[in-house]
Amino acid sequence: MAQSDSDDGMDEFMDRFKSQRYKNAFTENDWEQEFNKIPMFMKTAPEEIDPQKYPELACLQSIIHDEDRPPEEQAKCLKDEGNAFFKEKNYEKAVVSYSAGLKKKCGDQELNTVLFTNRAAAHFYLGNMRSALNDAAAAKKIKPDHLKALIRGAQCCIELRNFPDALQWCDEALKAHPTDKKLLELRATADKHKRAAERDTRKAKVKEKKLHGQKEALLAAIKDRGVKLFQSVEPRQHSSDSEEEEEERSSAAIAQLSLDGLNSQEVTGAQVFLDNQGLLHWPVLFLYPEHQQSDFISAFCENNCFVDHLAIMFEELPPWDTDRKYLPQNLQLFFEDVEKEKLYQVDPEMSLLKALQHKSSGGL
Amino acid sequence: MLSDDEAAELLSFLTPTTRPDVKGRATEYILGLSGHRDGCRFLCSKPDVISALLVLTSDPSIAIVKDCFHVLINLSADETLHQVLVDKVKVLPVLLKNLVDPDYVFSDQICTILSNLSRHEKTCWTVFKVLQEQLGVAQLVEIFCTEGYNQRAKLHYLGPLLSNLTQLPEARNYLLDPDRCVVQRLLPFTQYQASVVRRGGVIGTLRNCCFDHRHHEWLLSDAVDILPFLLLPLAGPEELSDEENEGLPVDLQYLPEDKKREEDPDVRKMLLETLLLVKTSTLQSEHVLLLSSSLSVSSPADGHQSWPTDAEGQERLSHHEGVPPLGEGRPRRCELREAGPGSDRRRTGSRDGEPDGGGDT
């Protein structure tokens, strides 16, 4: 203790540190967190900068975005900010920064082009193809030979599956940059897709035509046999496209033939069809009102007689036939004319075709 | 023919400042001269007259300009006069400069002259050189392929011009530059219905390009994909099953019922020649379906029933069609020649010009 007395009390001051902590000292537990709050040592920036918690950071921010600086500088800073976000794949924030930069409306057209192009890229990675395309177009407007914008525009068109436009972007771009490899590649891709899309259109047309032809043949076959079709009362809502009208009329006619209009329980979607030998097969519904039962035959050939089917259907008596009386030879067949609300007896020995051609049938 | 004095007097009428009616009479007279061979020869012995005419193509009077161009067209139809036109009178720079101008009214006439001048290799070289100096093959293709480049001229005769140029290997190299997109721009025009001149010119160009085997792989690759564009004009409206369709190149699938085959026999021949030049091993049996029917249309006398898939068969076919065997022969120049009105010139080419090109506007 002999050396302890010094003039300025420095030693005592220093001694105190051995026992006391200074105010706001970092503890061993929280020193990492504390460090992270200091702008210089931050590993990651916080999403939102709360001036209360991070006063220094808020200060720096306000310096960067100081309104007093010329717009070009501000815009450039915002561009850099956007680029930083972009690098981190934080595309939404990047868009915000770039948009802010563009809002400055600074006179530097080079900068504005880059802002638009970069924002286009951010939108592209976000999947906002339309926005990306608009931005690329805006960039192109300012600087028509800006390669990155041109490439981006073409890429957007391809994503939007607008291949003719993509091709146009490429060709325009190639005027200014005739040897750019990326452009050449994009053009080849766009062209290939365009031709594939054209093929798809052709294919669809051919298929449609075929289907139409089949429908027409079916209607003709039915008509030829003198079978009348029941006209449904409900009007059908169709677009007034004239090309489609004919198609829809035959579709409507065929739709009448499907069973789901008649019996809501049997919505099987079964339809009458014409087979390779030119025979019609009809879906037929057998109702057993006594027992509230039904049987459905999806494809009853017109040349088959009812007895043939009945023999199979009632080979073993159905479970609901408690009285055991539905033997094939005992069965009587009736055909209902819905319009006239009459029942007509049908001879089971008859073929379906003959039954359908019955004069008094007002329609199926 | 005129004496030297008379010729000098005629020349004096051909200045821009001469009275319009005198100018008009003079040019009319010269047009008449150019209608026959002797007149042409005479005119070429007086290159000053032709130079004067060249200057007068900028005259405000449309009628005079028209006449001047018709004279030039008639002169260019005679190979013996090419030297004079190109070397003495130096028509090329002026013509090319006006060609590039999208508002120039007489661009079609220019195209005709250029296609005439490029027929024979010697002058073709000169045309090519000047072309390269002034605008380049790539830009020529660009102009040709841009729909509506010039509202007043169709520019179809750039097709034969390109075809002629590609008799030169250097021109082919520019067209087939793998680092650029040049030949690809031409491909859709193999189907161009509105003009057989344009269509034939493009196909002739492609045919010449296919003479260089080194380029075949690139031409057949996705970067260019030339094969469907050669097959498509030969394909017909046959209905094929789904499997048959799926086996074809995309562009040939599900063709509509109104698909027409190429009707011009010369163009058809060029297509077949080009297909023979290209590695025929790429043609699969599905393509045979298409081609066999087109072959029977084009050469019933030869009795071809099907497209030969063996090398021997192809040899036979190539001899029949007059195609030099693979790897030999030179690219053929375009057979088109055009002469202006007021001419009874014999046409040595195998095809006459179309009503919409050359001659009258």
# chains A, B, ... in the order shown; residues from 1 in each chain; ligands from 1

$ closest_atom_pairs --of "chain A" --to "chain B" --cutoff "7 Å" --atoms "only C-alpha atoms" --output "JSON lines"
{"residue": "A:Pro178", "atom": "CA", "partner": "B:Arg180", "partner_atom": "CA", "distance": 5.8}
{"residue": "A:Thr179", "atom": "CA", "partner": "B:Arg180", "partner_atom": "CA", "distance": 5.1}
{"residue": "A:Leu184", "atom": "CA", "partner": "B:Cys181", "partner_atom": "CA", "distance": 6.8}
{"residue": "A:Ala188", "atom": "CA", "partner": "B:Ala223", "partner_atom": "CA", "distance": 6.0}
{"residue": "A:Arg195", "atom": "CA", "partner": "B:Asp251", "partner_atom": "CA", "distance": 6.4}
{"residue": "A:Ala196", "atom": "CA", "partner": "B:Val250", "partner_atom": "CA", "distance": 6.2}
{"residue": "A:Arg199", "atom": "CA", "partner": "B:Gln253", "partner_atom": "CA", "distance": 6.4}
{"residue": "A:Arg202", "atom": "CA", "partner": "B:Tyr254", "partner_atom": "CA", "distance": 5.7}
{"residue": "A:Lys203", "atom": "CA", "partner": "B:Tyr254", "partner_atom": "CA", "distance": 5.4}
{"residue": "A:Val206", "atom": "CA", "partner": "B:Tyr254", "partner_atom": "CA", "distance": 6.9}

$ write_last_selection --atoms "all heavy atoms" --output "PDB file, in the first residue's frame"
ATOM      1  N   PRO A 178     -26.603  -8.476 -82.186  1.00  0.00           N
ATOM      2  CA  PRO A 178     -26.821  -9.632 -83.061  1.00  0.00           C
ATOM      3  C   PRO A 178     -26.113 -10.900 -82.635  1.00  0.00           C
ATOM      4  O   PRO A 178     -26.471 -11.977 -83.094  1.00  0.00           O
ATOM      5  CB  PRO A 178     -26.298  -9.152 -84.424  1.00  0.00           C
ATOM      6  CG  PRO A 178     -25.500  -7.951 -84.157  1.00  0.00           C
ATOM      7  CD  PRO A 178     -25.923  -7.368 -82.867  1.00  0.00           C
ATOM      8  N   THR A 179     -25.118 -10.807 -81.771  1.00  0.00           N
ATOM      9  CA  THR A 179     -24.391 -12.040 -81.461  1.00  0.00           C
ATOM     10  C   THR A 179     -24.589 -12.513 -80.029  1.00  0.00           C
ATOM     11  O   THR A 179     -23.908 -13.418 -79.584  1.00  0.00           O
ATOM     12  CB  THR A 179     -22.884 -11.837 -81.692  1.00  0.00           C
ATOM     13  OG1 THR A 179     -22.491 -10.661 -80.980  1.00  0.00           O
ATOM     14  CG2 THR A 179     -22.576 -11.654 -83.158  1.00  0.00           C
ATOM     15  N   LEU A 184     -29.938 -15.468 -78.713  1.00  0.00           N
ATOM     16  CA  LEU A 184     -30.088 -16.488 -79.748  1.00  0.00           C
ATOM     17  C   LEU A 184     -30.797 -17.711 -79.186  1.00  0.00           C
ATOM     18  O   LEU A 184     -31.682 -18.282 -79.816  1.00  0.00           O
ATOM     19  CB  LEU A 184     -28.721 -16.873 -80.314  1.00  0.00           C
ATOM     20  CG  LEU A 184     -28.025 -15.813 -81.153  1.00  0.00           C
ATOM     21  CD1 LEU A 184     -26.606 -16.227 -81.476  1.00  0.00           C
ATOM     22  CD2 LEU A 184     -28.782 -15.572 -82.447  1.00  0.00           C
ATOM     23  N   ALA A 188     -34.528 -19.169 -80.195  1.00  0.00           N
ATOM     24  CA  ALA A 188     -34.768 -20.547 -80.638  1.00  0.00           C
ATOM     25  C   ALA A 188     -35.850 -21.197 -79.766  1.00  0.00           C
ATOM     26  O   ALA A 188     -36.738 -21.880 -80.275  1.00  0.00           O
ATOM     27  CB  ALA A 188     -33.469 -21.343 -80.579  1.00  0.00           C
ATOM     28  N   ARG A 195     -44.171 -22.799 -82.391  1.00  0.00           N
ATOM     29  CA  ARG A 195     -44.586 -23.802 -83.352  1.00  0.00           C
ATOM     30  C   ARG A 195     -45.313 -24.955 -82.668  1.00  0.00           C
ATOM     31  O   ARG A 195     -46.260 -25.502 -83.227  1.00  0.00           O
ATOM     32  CB  ARG A 195     -43.377 -24.293 -84.148  1.00  0.00           C
ATOM     33  CG  ARG A 195     -42.959 -23.272 -85.201  1.00  0.00           C
ATOM     34  CD  ARG A 195     -41.476 -23.250 -85.443  1.00  0.00           C
ATOM     35  NE  ARG A 195     -40.979 -24.543 -85.820  1.00  0.00           N
ATOM     36  CZ  ARG A 195     -39.699 -24.859 -85.888  1.00  0.00           C
ATOM     37  NH1 ARG A 195     -38.799 -23.968 -85.611  1.00  0.00           N
ATOM     38  NH2 ARG A 195     -39.329 -26.059 -86.225  1.00  0.00           N
ATOM     39  N   ALA A 196     -44.912 -25.268 -81.444  1.00  0.00           N
ATOM     40  CA  ALA A 196     -45.620 -26.321 -80.712  1.00  0.00           C
ATOM     41  C   ALA A 196     -47.034 -25.857 -80.381  1.00  0.00           C
ATOM     42  O   ALA A 196     -47.992 -26.637 -80.483  1.00  0.00           O
ATOM     43  CB  ALA A 196     -44.865 -26.675 -79.435  1.00  0.00           C
ATOM     44  N   ARG A 199     -49.127 -26.158 -83.322  1.00  0.00           N
ATOM     45  CA  ARG A 199     -49.515 -27.548 -83.522  1.00  0.00           C
ATOM     46  C   ARG A 199     -50.673 -27.911 -82.608  1.00  0.00           C
ATOM     47  O   ARG A 199     -51.625 -28.563 -83.007  1.00  0.00           O
ATOM     48  CB  ARG A 199     -48.306 -28.457 -83.235  1.00  0.00           C
ATOM     49  CG  ARG A 199     -48.518 -29.915 -83.491  1.00  0.00           C
ATOM     50  CD  ARG A 199     -49.062 -30.670 -82.278  1.00  0.00           C
ATOM     51  NE  ARG A 199     -48.389 -30.310 -81.055  1.00  0.00           N
ATOM     52  CZ  ARG A 199     -47.401 -30.999 -80.512  1.00  0.00           C
ATOM     53  NH1 ARG A 199     -46.971 -32.087 -81.098  1.00  0.00           N
ATOM     54  NH2 ARG A 199     -46.852 -30.603 -79.398  1.00  0.00           N
ATOM     55  N   ARG A 202     -53.844 -26.674 -83.993  1.00  0.00           N
ATOM     56  CA  ARG A 202     -54.273 -27.501 -85.126  1.00  0.00           C
ATOM     57  C   ARG A 202     -54.869 -28.809 -84.624  1.00  0.00           C
ATOM     58  O   ARG A 202     -55.910 -29.259 -85.112  1.00  0.00           O
ATOM     59  CB  ARG A 202     -53.089 -27.814 -86.043  1.00  0.00           C
ATOM     60  CG  ARG A 202     -52.548 -26.633 -86.807  1.00  0.00           C
ATOM     61  CD  ARG A 202     -51.725 -27.099 -87.992  1.00  0.00           C
ATOM     62  NE  ARG A 202     -50.595 -27.905 -87.614  1.00  0.00           N
ATOM     63  CZ  ARG A 202     -49.373 -27.442 -87.387  1.00  0.00           C
ATOM     64  NH1 ARG A 202     -49.151 -26.157 -87.469  1.00  0.00           N
ATOM     65  NH2 ARG A 202     -48.397 -28.255 -87.058  1.00  0.00           N
ATOM     66  N   LYS A 203     -54.200 -29.385 -83.621  1.00  0.00           N
ATOM     67  CA  LYS A 203     -54.655 -30.676 -83.096  1.00  0.00           C
ATOM     68  C   LYS A 203     -56.047 -30.533 -82.511  1.00  0.00           C
ATOM     69  O   LYS A 203     -56.935 -31.357 -82.772  1.00  0.00           O
ATOM     70  CB  LYS A 203     -53.669 -31.137 -82.021  1.00  0.00           C
ATOM     71  CG  LYS A 203     -53.931 -32.516 -81.492  1.00  0.00           C
ATOM     72  CD  LYS A 203     -52.777 -32.972 -80.612  1.00  0.00           C
ATOM     73  CE  LYS A 203     -53.050 -34.362 -80.059  1.00  0.00           C
ATOM     74  NZ  LYS A 203     -51.900 -34.879 -79.311  1.00  0.00           N
ATOM     75  N   VAL A 206     -58.616 -30.312 -85.220  1.00  0.00           N
ATOM     76  CA  VAL A 206     -58.886 -31.606 -85.850  1.00  0.00           C
ATOM     77  C   VAL A 206     -59.781 -32.454 -84.959  1.00  0.00           C
ATOM     78  O   VAL A 206     -60.749 -33.064 -85.418  1.00  0.00           O
ATOM     79  CB  VAL A 206     -57.558 -32.334 -86.146  1.00  0.00           C
ATOM     80  CG1 VAL A 206     -57.798 -33.795 -86.440  1.00  0.00           C
ATOM     81  CG2 VAL A 206     -56.858 -31.685 -87.312  1.00  0.00           C
TER      82      VAL A 206
END

$ residues_around --residues "Asn162 in chain A" --least-positions-apart "4" --cutoff "12 Å" --atoms "only C-alpha atoms" --output "PyMOL selection string"
chain A and resi 129-130+133+153-158+166-169+190-191+193-195+197-198

$ residues_around --residues "Asn90 in chain A" --least-positions-apart "6" --cutoff "10 Å" --atoms "only C-alpha atoms" --output "VMD selection string"
chain A and resid 82 to 84 122 125 to 126

$ select_by_dssp --residues "range 99-342 of chain A" --states "strand (DSSP E)" --output "list in words"
Phe273, Leu274, Leu280, His281, Trp282, Pro283, Val284, Leu285, Phe286, Leu287, Tyr288, Gln293, Ser294, Asp295, Phe296, Ile297, Ser298, Ala299, Phe300, Cys301, Leu333, Phe334, Phe335, Glu336, Asp337 and Lys342 of chain A

$ closest_residue --among "B:Ala8, B:Val130, B:Ala52, B:Leu168" --to "Val65 in chain B" --atoms "only C-alpha atoms"
B:Ala52

$ residues_around --residues "Pro144 in chain A" --least-positions-apart "3" --cutoff "12 Å" --atoms "only C-alpha atoms" --output "MDAnalysis selection string"
chainID A and resid 109:110 113 117 136:141 147:151 153 169 172:177

$ write_last_selection --atoms "N, CA, C and O atoms" --output "compact mmCIF listing (two decimals), in the first residue's frame"
# COMPACT_ATOMS: atom_id res chain seq x y z
N GLN A 109 -31.36 9.10 -66.79
CA GLN A 109 -32.12 8.07 -67.51
C GLN A 109 -31.44 6.71 -67.45
O GLN A 109 -32.10 5.69 -67.46
N GLU A 110 -30.14 6.75 -67.40
CA GLU A 110 -29.39 5.50 -67.28
C GLU A 110 -29.81 4.79 -66.00
O GLU A 110 -30.10 3.60 -65.98
N THR A 113 -33.35 3.47 -66.13
CA THR A 113 -33.42 2.22 -66.90
C THR A 113 -33.03 1.04 -66.02
O THR A 113 -33.71 0.00 -66.01
N THR A 117 -35.25 -2.13 -64.92
CA THR A 117 -34.78 -3.47 -65.26
C THR A 117 -34.64 -4.33 -64.02
O THR A 117 -35.05 -5.50 -64.00
N ALA A 136 -39.98 -4.17 -67.80
CA ALA A 136 -39.01 -4.36 -68.88
C ALA A 136 -39.35 -3.44 -70.05
O ALA A 136 -38.47 -2.83 -70.67
N ALA A 137 -40.65 -3.33 -70.33
CA ALA A 137 -41.07 -2.46 -71.44
C ALA A 137 -40.76 -1.01 -71.13
O ALA A 137 -40.33 -0.25 -72.01
N ALA A 138 -40.94 -0.62 -69.87
CA ALA A 138 -40.64 0.75 -69.48
C ALA A 138 -39.15 1.03 -69.65
O ALA A 138 -38.75 2.08 -70.14
N ALA A 139 -38.34 0.08 -69.25
CA ALA A 139 -36.89 0.24 -69.41
C ALA A 139 -36.55 0.36 -70.89
O ALA A 139 -35.73 1.20 -71.30
N LYS A 140 -37.20 -0.48 -71.70
CA LYS A 140 -36.93 -0.47 -73.15
C LYS A 140 -37.29 0.86 -73.75
O LYS A 140 -36.64 1.37 -74.66
N LYS A 141 -38.35 1.46 -73.20
CA LYS A 141 -38.80 2.74 -73.75
C LYS A 141 -37.73 3.81 -73.54
O LYS A 141 -37.49 4.64 -74.42
N LEU A 147 -29.71 -4.33 -72.98
CA LEU A 147 -29.74 -5.78 -73.18
C LEU A 147 -30.50 -6.52 -72.09
O LEU A 147 -31.33 -7.38 -72.36
N LYS A 148 -30.22 -6.18 -70.83
CA LYS A 148 -30.85 -6.94 -69.74
C LYS A 148 -32.36 -6.80 -69.78
O LYS A 148 -33.09 -7.76 -69.52
N ALA A 149 -32.82 -5.59 -70.11
CA ALA A 149 -34.27 -5.39 -70.17
C ALA A 149 -34.88 -6.20 -71.30
O ALA A 149 -35.94 -6.80 -71.16
N LEU A 150 -34.17 -6.21 -72.43
CA LEU A 150 -34.68 -6.94 -73.59
C LEU A 150 -34.76 -8.43 -73.31
O LEU A 150 -35.75 -9.08 -73.64
N ILE A 151 -33.73 -8.96 -72.66
CA ILE A 151 -33.74 -10.38 -72.33
C ILE A 151 -34.88 -10.68 -71.36
O ILE A 151 -35.63 -11.64 -71.52
N GLY A 153 -37.65 -9.04 -70.91
CA GLY A 153 -38.93 -8.93 -71.59
C GLY A 153 -39.27 -10.21 -72.34
O GLY A 153 -40.39 -10.73 -72.25
N TRP A 169 -39.70 -9.61 -79.27
CA TRP A 169 -38.71 -9.03 -78.36
C TRP A 169 -37.31 -9.49 -78.77
O TRP A 169 -36.38 -8.70 -78.84
N GLU A 172 -36.15 -7.89 -82.09
CA GLU A 172 -35.79 -6.48 -81.88
C GLU A 172 -34.45 -6.39 -81.18
O GLU A 172 -33.59 -5.58 -81.54
N ALA A 173 -34.30 -7.23 -80.16
CA ALA A 173 -33.05 -7.20 -79.39
C ALA A 173 -31.86 -7.58 -80.25
O ALA A 173 -30.78 -6.98 -80.14
N LEU A 174 -32.07 -8.56 -81.14
CA LEU A 174 -30.95 -9.03 -81.96
C LEU A 174 -30.48 -7.96 -82.93
O LEU A 174 -29.35 -7.99 -83.41
N LYS A 175 -31.35 -7.00 -83.22
CA LYS A 175 -30.91 -5.91 -84.11
C LYS A 175 -29.78 -5.15 -83.45
O LYS A 175 -28.81 -4.76 -84.09
N ALA A 176 -29.93 -4.91 -82.16
CA ALA A 176 -28.89 -4.15 -81.46
C ALA A 176 -27.75 -5.04 -80.99
O ALA A 176 -26.61 -4.60 -80.88
N HIS A 177 -28.07 -6.29 -80.68
CA HIS A 177 -27.05 -7.21 -80.15
C HIS A 177 -27.08 -8.51 -80.94
O HIS A 177 -27.51 -9.54 -80.44

$ closest_residue --among "B:Glu170, B:Asp4, B:Glu246, B:Glu121" --to "Gly136 in chain B" --atoms "only C-alpha atoms"
B:Glu170

$ residues_around --residues "Leu279 in chain A" --least-positions-apart "6" --cutoff "12 Å" --atoms "only C-alpha atoms" --output "CSV table (one decimal) with all heavy atoms, in the first residue's frame"
chain,number,residue,atom,x,y,z
A,217,ALA,N,-73.2,-37.6,-87.2
A,217,ALA,CA,-73.5,-39.0,-87.7
A,217,ALA,C,-74.5,-39.6,-86.8
A,217,ALA,O,-75.4,-40.3,-87.2
A,217,ALA,CB,-72.2,-39.8,-87.8
A,218,LEU,N,-74.3,-39.4,-85.5
A,218,LEU,CA,-75.2,-40.0,-84.5
A,218,LEU,C,-76.6,-39.4,-84.7
A,218,LEU,O,-77.6,-40.2,-84.7
A,218,LEU,CB,-74.7,-39.7,-83.1
A,218,LEU,CG,-75.4,-40.3,-81.9
A,218,LEU,CD1,-75.4,-41.8,-82.1
A,218,LEU,CD2,-74.7,-40.0,-80.6
A,221,ALA,N,-78.2,-40.8,-87.7
A,221,ALA,CA,-78.6,-42.2,-87.5
A,221,ALA,C,-79.9,-42.3,-86.8
A,221,ALA,O,-80.8,-43.1,-87.2
A,221,ALA,CB,-77.5,-43.0,-86.8
A,222,ILE,N,-80.0,-41.5,-85.8
A,222,ILE,CA,-81.2,-41.5,-85.0
A,222,ILE,C,-82.4,-41.1,-85.8
A,222,ILE,O,-83.5,-41.7,-85.8
A,222,ILE,CB,-81.1,-40.7,-83.7
A,222,ILE,CG1,-80.0,-41.3,-82.8
A,222,ILE,CG2,-82.4,-40.5,-83.0
A,222,ILE,CD1,-79.7,-40.4,-81.6
A,224,ASP,N,-82.7,-41.1,-89.1
A,224,ASP,CA,-83.0,-42.1,-90.1
A,224,ASP,C,-83.9,-43.2,-89.6
A,224,ASP,O,-84.7,-43.7,-90.4
A,224,ASP,CB,-81.7,-42.7,-90.6
A,224,ASP,CG,-80.9,-41.8,-91.5
A,224,ASP,OD1,-81.6,-40.8,-92.0
A,224,ASP,OD2,-79.7,-42.0,-91.8
A,225,ARG,N,-83.7,-43.5,-88.4
A,225,ARG,CA,-84.6,-44.6,-87.9
A,225,ARG,C,-86.0,-44.1,-87.5
A,225,ARG,O,-86.8,-44.9,-87.1
A,225,ARG,CB,-83.9,-45.2,-86.7
A,225,ARG,CG,-82.7,-46.1,-87.0
A,225,ARG,CD,-81.7,-46.1,-85.8
A,225,ARG,NE,-80.7,-47.1,-86.0
A,225,ARG,CZ,-79.6,-46.9,-86.9
A,225,ARG,NH1,-79.6,-45.8,-87.6
A,225,ARG,NH2,-78.7,-47.8,-86.9
A,272,VAL,N,-76.2,-42.4,-75.8
A,272,VAL,CA,-76.4,-43.2,-76.9
A,272,VAL,C,-75.2,-43.1,-77.8
A,272,VAL,O,-74.6,-42.0,-77.9
A,272,VAL,CB,-77.7,-42.9,-77.7
A,272,VAL,CG1,-77.7,-41.4,-78.1
A,272,VAL,CG2,-78.0,-43.8,-78.8
A,273,PHE,N,-74.8,-44.2,-78.4
A,273,PHE,CA,-73.7,-44.1,-79.4
A,273,PHE,C,-73.8,-45.0,-80.5
A,273,PHE,O,-74.6,-46.0,-80.5
A,273,PHE,CB,-72.3,-44.3,-78.6
A,273,PHE,CG,-72.2,-45.7,-78.1
A,273,PHE,CD1,-71.6,-46.7,-78.9
A,273,PHE,CD2,-72.6,-46.1,-76.8
A,273,PHE,CE1,-71.5,-48.0,-78.4
A,273,PHE,CE2,-72.5,-47.3,-76.4
A,273,PHE,CZ,-71.9,-48.3,-77.1
A,299,ALA,N,-75.8,-49.8,-72.2
A,299,ALA,CA,-75.6,-49.9,-73.7
A,299,ALA,C,-76.5,-51.0,-74.2
A,299,ALA,O,-76.0,-52.2,-74.3
A,299,ALA,CB,-74.2,-50.1,-74.1
A,300,PHE,N,-77.7,-50.7,-74.6
A,300,PHE,CA,-78.7,-51.7,-75.1
A,300,PHE,C,-78.6,-51.6,-76.6
A,300,PHE,O,-79.1,-50.6,-77.1
A,300,PHE,CB,-80.0,-51.3,-74.5
A,300,PHE,CG,-81.1,-52.4,-74.6
A,300,PHE,CD1,-81.9,-52.7,-73.5
A,300,PHE,CD2,-81.3,-53.1,-75.8
A,300,PHE,CE1,-82.9,-53.6,-73.6
A,300,PHE,CE2,-82.3,-54.0,-75.9
A,300,PHE,CZ,-83.1,-54.3,-74.8
A,301,CYS,N,-78.2,-52.6,-77.2
A,301,CYS,CA,-78.1,-52.6,-78.7
A,301,CYS,C,-79.5,-52.6,-79.3
A,301,CYS,O,-80.4,-53.3,-78.9
A,301,CYS,CB,-77.3,-53.8,-79.2
A,301,CYS,SG,-77.2,-53.8,-81.0
A,302,GLU,N,-79.7,-51.8,-80.3
A,302,GLU,CA,-81.1,-51.6,-80.8
A,302,GLU,C,-81.6,-52.9,-81.4
A,302,GLU,O,-82.8,-53.0,-81.5
A,302,GLU,CB,-81.1,-50.5,-81.9
A,302,GLU,CG,-80.2,-50.8,-83.1
A,302,GLU,CD,-80.1,-49.6,-84.1
A,302,GLU,OE1,-80.8,-48.6,-83.9
A,302,GLU,OE2,-79.3,-49.6,-85.0
A,303,ASN,N,-80.7,-53.7,-81.9
A,303,ASN,CA,-81.2,-55.0,-82.5
A,303,ASN,C,-81.6,-56.0,-81.4
A,303,ASN,O,-82.2,-57.1,-81.8
A,303,ASN,CB,-80.2,-55.5,-83.4
A,303,ASN,CG,-80.2,-54.7,-84.7
A,303,ASN,OD1,-81.1,-54.0,-85.0
A,303,ASN,ND2,-79.1,-54.9,-85.5
A,304,ASN,N,-81.2,-55.8,-80.2
A,304,ASN,CA,-81.5,-56.8,-79.2
A,304,ASN,C,-83.0,-56.7,-78.8
A,304,ASN,O,-83.5,-55.6,-78.8
A,304,ASN,CB,-80.6,-56.6,-77.9
A,304,ASN,CG,-79.2,-57.0,-78.2
A,304,ASN,OD1,-78.9,-57.6,-79.2
A,304,ASN,ND2,-78.3,-56.7,-77.3
A,352,LEU,N,-85.4,-53.3,-79.5
A,352,LEU,CA,-85.4,-52.0,-78.9
A,352,LEU,C,-85.7,-51.0,-80.1
A,352,LEU,O,-86.5,-50.0,-79.9
A,352,LEU,CB,-84.1,-51.6,-78.3
A,352,LEU,CG,-83.9,-50.2,-77.7
A,352,LEU,CD1,-85.0,-49.9,-76.6
A,352,LEU,CD2,-82.5,-50.0,-77.2
A,353,LEU,N,-85.2,-51.2,-81.2
A,353,LEU,CA,-85.3,-50.3,-82.3
A,353,LEU,C,-86.8,-50.2,-82.7
A,353,LEU,O,-87.4,-49.1,-82.8
A,353,LEU,CB,-84.6,-50.9,-83.6
A,353,LEU,CG,-84.7,-50.0,-84.8
A,353,LEU,CD1,-84.2,-48.6,-84.6
A,353,LEU,CD2,-83.9,-50.7,-86.0

$ atom_distance --atom1 "CA of Leu115 in chain A" --atom2 "CA of Pro39 in chain A"
27.2 Å

$ atom_distance --atom1 "CA of Leu356 in chain A" --atom2 "CA of Asp275 in chain A"
17.8 Å

$ atom_distance --atom1 "CA of Val89 in chain B" --atom2 "CA of Asp48 in chain B"
7.6 Å

$ residues_around --residues "range 214-221 of chain B" --least-positions-apart "5" --cutoff "8 Å" --atoms "only C-alpha atoms" --output "VMD selection string"
chain B and resid 176 178 226 to 227 278 to 279

$ write_last_selection --atoms "N, CA and C atoms" --output "tab-separated table (two decimals), in the first residue's frame"
chain	number	residue	atom	x	y	z
B	176	LEU	N	-24.85	-18.28	-92.92
B	176	LEU	CA	-24.86	-19.43	-92.04
B	176	LEU	C	-24.03	-19.20	-90.78
B	178	PRO	N	-23.12	-19.13	-87.28
B	178	PRO	CA	-23.80	-19.72	-86.14
B	178	PRO	C	-23.90	-18.78	-84.94
B	226	ILE	N	-33.93	-26.77	-89.89
B	226	ILE	CA	-34.33	-26.48	-91.26
B	226	ILE	C	-35.28	-27.52	-91.84
B	227	LEU	N	-35.21	-28.75	-91.34
B	227	LEU	CA	-35.94	-29.85	-91.99
B	227	LEU	C	-37.44	-29.64	-92.11
B	278	VAL	N	-29.27	-32.59	-97.84
B	278	VAL	CA	-29.19	-32.72	-96.39
B	278	VAL	C	-29.09	-34.19	-96.03
B	279	LYS	N	-28.52	-34.50	-94.91
B	279	LYS	CA	-28.32	-35.90	-94.58
B	279	LYS	C	-29.63	-36.66	-94.60
